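A.B. asks: Mind looking over this structure? Questions follow.
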Amino acid sequence: MTKIYDEESFGDAIEAHLCEHGGYTTLPSDEFDAERGFFPDTVVSFIEETQPEKWSELETRLGGDARGEFLAQLDSALD
């Protein structure tokens with residue numbers, strides 16, 4: 001017996017609809033940090049673009065590890 005409907009196909013259909021009609025984009029699954037439960041590069045890019053002054057302050061305060069510290073704090077806050 002052939003399965004016409006399955007969870008993967010259903011998920012693919014939802015994703016396709018959101019990308020076509022909802023303004024969403026597909027992100028590469030290898031960029032997903034499963035341990036933290038988010039896409040680190042996407043999160044940091046979003047903060048840099050939407051809050052450039054705050055990000056600059058954070059970089060000034062934390063030096064070269066602003067990204068790592070920010071992601072660690074975000075992960076802690078989401079737990």
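In the structure tokens, the first chain shown is A, the next is B, and so on; residue numbers restart at 1 for each chain, and ligands run from 1 in the order shown.
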Please identify the alpha helix (DSSP H) residues within range 6-53 of chain A (assignment by DSSP from backbone atoms) and present them as a list in words.
C.D. replies: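 So the alpha helix (DSSP H) residues in range 6-53 of chain A would be Glu7, Glu8, Ser9, Phe10, Gly11, Asp12, Ala13, Ile14, Glu15, Ala16, His17, Leu18, Cys19, Glu20, His21, Pro40, Asp41, Thr42, Val43, Val44, Ser45, Phe46, Ile47, Glu48, Glu49, Thr50, Pro52 and Glu53 of chain A.
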A.B. asks: Using only C-alpha atoms, which residues sit within 9 Å of range 50-57 of chain A once same-chain residues fewer than 5 positions away are excluded, as JSON, numbers by chain?
C.D. replies: {"A": [45, 62, 66]}
A.B. asks: Restricting the output to N, CA, C and O atoms, write the selected residues as a compact mmCIF listing (two decimals), in the first residue's frame.
C.D. replies:
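As a result, selection-v6.txt now contains:
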```
# COMPACT_ATOMS: atom_id res chain seq x y z
N SER A 45 22.66 38.30 12.50
CA SER A 45 22.42 39.21 11.38
C SER A 45 21.20 40.09 11.63
O SER A 45 21.21 41.29 11.34
N LEU A 62 32.32 44.13 24.84
CA LEU A 62 32.81 42.76 24.92
C LEU A 62 33.99 42.46 24.02
O LEU A 62 34.53 41.35 24.05
N ALA A 66 31.78 39.45 21.14
CA ALA A 66 30.40 39.91 21.27
C ALA A 66 29.43 38.86 20.74
O ALA A 66 28.42 38.57 21.37
```
A.B. asks: Have a look at CA of Tyr24 in chain A and CA of Ile47 in chain A and let me know their distance in Å, one decimal.
C.D. replies: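 Between CA of Tyr24 in chain A and CA of Ile47 in chain A the gap is 17.9 Å.
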A.B. asks: How many Å lie between CA of Leu71 in chain A and CA of Pro40 in chain A, rounded to one decimal?
C.D. replies: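 For CA of Leu71 in chain A relative to CA of Pro40 in chain A, the distance reads 7.1 Å.
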